[in-house]
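Contents: one structure, followed by commentary.
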Amino acid sequence: MSTVAAREERRKRRENTEKQTSWTGVVFMGVLPVGVLTYLGTWQIQRRRHKIELLDRMSTSFALEPRAETLTPSFSDADLESLEYVPLLLSGKFDHRHELFLGPRGNPFHVEGQVQAREQGYYIITPLRQPNGVTVLVNRGYVPAAQKLASTRPAGQLDGAVRIKAMV
């Protein structure tokens with residue numbers, strides 16, 4: 001009889017363990033996703049607030065008159081942060097021999113719903129050498145892939161001193 005009692009005891013322990021395991025699974029599969037989704041929703045709300053503040057700051061800065069500025073090698077990160085989204089007038093000469101191409105990228109001017117092929121292209125980044133020797137990289141804009149080479153866009157190859165309005 002003791003073997004029958006021992007078997008019965010093992011069966012009861014196994015049933016209790018299965019009940020505990022099923023509750024653990026329900027809690028894990030129910031509470032964890034709710035917690036993760038709550039966190040992600042909160043993060044999205046905070047991200048939206050930050051984006052709205054950034055857009056307000058940018059639109060306010062864009063309305064300012066550009067100020068003449070010569071960037072120097074001694075500019076610290078704090079100095080550059082104070083110039084963020086502030087319109088500047090920079091002067092110098094473009095160094096077209098060292099242009100960079102950022103891409104391929106989709107056309108940023110593509111209008112959704114238009115019947116046209118999704119054209120690929122590049123952002124042209126050209127160094128601007130200031131009179132004091134400091135070089136600033138200038139995003140000159142987007143061009144279709146067919147105009148990547150400088151020889152295909154002669155109007156953009158400015159020689160001599162230029163003065164540009166820029167944003168940091």
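A note on labels: chains of the structure tokens are A, B, ... as shown, every chain counts residues from 1, and ligands are counted from 1 in their shown order.
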task = Would you list, as an MDAnalysis selection string, the residues of range 57-136 of chain A that end up in helix (DSSP H, G or I) under DSSP run on this structure's backbone?
result = chainID A and resid 57:62 77:82 96:98
inquiry  = Please list as JSON, numbers by chain every residue within 9 Å of range 62-78 of chain A, counting only C-alpha atoms and excluding residues in the same chain fewer than 5 positions away.
reply    = {"A": [57, 83, 85, 86, 87, 88, 89, 90, 91, 130, 131, 132, 133, 134, 135, 136, 165, 166, 167]}
Restricting it to N, CA and C atoms, dump the selection as a PDB file, in the first residue's frame.
ATOM      1  N   ARG A  57      11.399  75.460 -32.337  1.00  0.00           N
ATOM      2  CA  ARG A  57      12.716  76.114 -32.247  1.00  0.00           C
ATOM      3  C   ARG A  57      13.283  76.405 -33.634  1.00  0.00           C
ATOM      4  N   LEU A  83      24.955  77.641 -32.011  1.00  0.00           N
ATOM      5  CA  LEU A  83      24.656  78.062 -33.385  1.00  0.00           C
ATOM      6  C   LEU A  83      23.654  77.142 -34.083  1.00  0.00           C
ATOM      7  N   TYR A  85      20.644  75.685 -35.708  1.00  0.00           N
ATOM      8  CA  TYR A  85      19.454  76.263 -36.346  1.00  0.00           C
ATOM      9  C   TYR A  85      19.478  77.788 -36.384  1.00  0.00           C
ATOM     10  N   VAL A  86      20.655  78.381 -36.298  1.00  0.00           N
ATOM     11  CA  VAL A  86      20.786  79.832 -36.421  1.00  0.00           C
ATOM     12  C   VAL A  86      21.273  80.114 -37.838  1.00  0.00           C
ATOM     13  N   PRO A  87      20.590  81.005 -38.585  1.00  0.00           N
ATOM     14  CA  PRO A  87      21.045  81.310 -39.941  1.00  0.00           C
ATOM     15  C   PRO A  87      22.384  82.058 -39.899  1.00  0.00           C
ATOM     16  N   LEU A  88      23.322  81.584 -40.695  1.00  0.00           N
ATOM     17  CA  LEU A  88      24.654  82.184 -40.754  1.00  0.00           C
ATOM     18  C   LEU A  88      24.976  82.587 -42.189  1.00  0.00           C
ATOM     19  N   LEU A  89      25.799  83.608 -42.323  1.00  0.00           N
ATOM     20  CA  LEU A  89      26.371  83.954 -43.619  1.00  0.00           C
ATOM     21  C   LEU A  89      27.819  83.506 -43.588  1.00  0.00           C
ATOM     22  N   LEU A  90      28.158  82.565 -44.446  1.00  0.00           N
ATOM     23  CA  LEU A  90      29.526  82.058 -44.528  1.00  0.00           C
ATOM     24  C   LEU A  90      30.111  82.441 -45.873  1.00  0.00           C
ATOM     25  N   SER A  91      31.392  82.713 -45.877  1.00  0.00           N
ATOM     26  CA  SER A  91      32.045  83.021 -47.146  1.00  0.00           C
ATOM     27  C   SER A  91      33.256  82.122 -47.295  1.00  0.00           C
ATOM     28  N   GLN A 130      36.964  78.408 -45.892  1.00  0.00           N
ATOM     29  CA  GLN A 130      36.843  79.797 -45.455  1.00  0.00           C
ATOM     30  C   GLN A 130      38.201  80.496 -45.568  1.00  0.00           C
ATOM     31  N   PRO A 131      38.208  81.824 -45.593  1.00  0.00           N
ATOM     32  CA  PRO A 131      39.476  82.553 -45.705  1.00  0.00           C
ATOM     33  C   PRO A 131      40.475  82.229 -44.591  1.00  0.00           C
ATOM     34  N   ASN A 132      39.982  81.827 -43.392  1.00  0.00           N
ATOM     35  CA  ASN A 132      40.900  81.516 -42.297  1.00  0.00           C
ATOM     36  C   ASN A 132      41.427  80.082 -42.362  1.00  0.00           C
ATOM     37  N   GLY A 133      41.060  79.334 -43.417  1.00  0.00           N
ATOM     38  CA  GLY A 133      41.573  77.979 -43.595  1.00  0.00           C
ATOM     39  C   GLY A 133      40.660  76.887 -43.057  1.00  0.00           C
ATOM     40  N   VAL A 134      39.635  77.237 -42.317  1.00  0.00           N
ATOM     41  CA  VAL A 134      38.713  76.241 -41.778  1.00  0.00           C
ATOM     42  C   VAL A 134      37.778  75.775 -42.893  1.00  0.00           C
ATOM     43  N   THR A 135      37.576  74.472 -42.954  1.00  0.00           N
ATOM     44  CA  THR A 135      36.703  73.889 -43.970  1.00  0.00           C
ATOM     45  C   THR A 135      35.381  73.483 -43.335  1.00  0.00           C
ATOM     46  N   VAL A 136      34.294  73.831 -44.011  1.00  0.00           N
ATOM     47  CA  VAL A 136      32.949  73.497 -43.560  1.00  0.00           C
ATOM     48  C   VAL A 136      32.299  72.668 -44.654  1.00  0.00           C
ATOM     49  N   LYS A 165      24.092  81.476 -47.329  1.00  0.00           N
ATOM     50  CA  LYS A 165      23.294  81.431 -46.097  1.00  0.00           C
ATOM     51  C   LYS A 165      23.223  79.972 -45.692  1.00  0.00           C
ATOM     52  N   ALA A 166      23.587  79.678 -44.454  1.00  0.00           N
ATOM     53  CA  ALA A 166      23.677  78.301 -44.013  1.00  0.00           C
ATOM     54  C   ALA A 166      23.050  78.102 -42.633  1.00  0.00           C
ATOM     55  N   MET A 167      22.775  76.871 -42.314  1.00  0.00           N
ATOM     56  CA  MET A 167      22.298  76.471 -40.986  1.00  0.00           C
ATOM     57  C   MET A 167      23.231  75.416 -40.438  1.00  0.00           C
TER      58      MET A 167
END
query = For the atom pair CA of Gly156 in chain A and CA of Arg140 in chain A, what is the interatomic distance in Å to one decimal place?
reply =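 Here the two named atoms are 8.8 Å from each other.
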task = Rounded to one decimal place, report the CA of Arg49 in chain A-CA of Glu81 in chain A distance in Å.
result = 20.3 Å
request  = Record the distance separating CA of Arg13 in chain A and CA of Phe28 in chain A, expressed in Å with one decimal.
outcome  =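 Interatomic distance, CA of Arg13 in chain A to CA of Phe28 in chain A: 22.3 Å.
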query = Any idea what's packed within 8 Å of Leu158 in chain A, counting only C-alpha atoms, ignoring anything in its chain fewer than 3 positions away? Could you give it as an MDAnalysis selection string?
reply = chainID A and resid 94 155 162
Write to file, as a compact mmCIF listing (two decimals), in the first residue's frame, the residues of the selection just made, with C-alpha atoms.
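Contents of the output file selection-v4.txt:
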# COMPACT_ATOMS: atom_id res chain seq x y z
CA PHE A 94 33.92 75.63 -52.79
CA ALA A 155 25.79 75.60 -63.19
CA VAL A 162 31.00 82.75 -52.58
task = Might you pull out every residue within 10 Å of Leu149 in chain A, with only C-alpha atoms counted and same-chain residues fewer than 3 positions away left off, and present them as a list of chain:residue names?
result = A:Glu99, A:Phe101, A:Ile124, A:Val143, A:Ala145, A:Ala146, A:Thr152, A:Arg153, A:Pro154
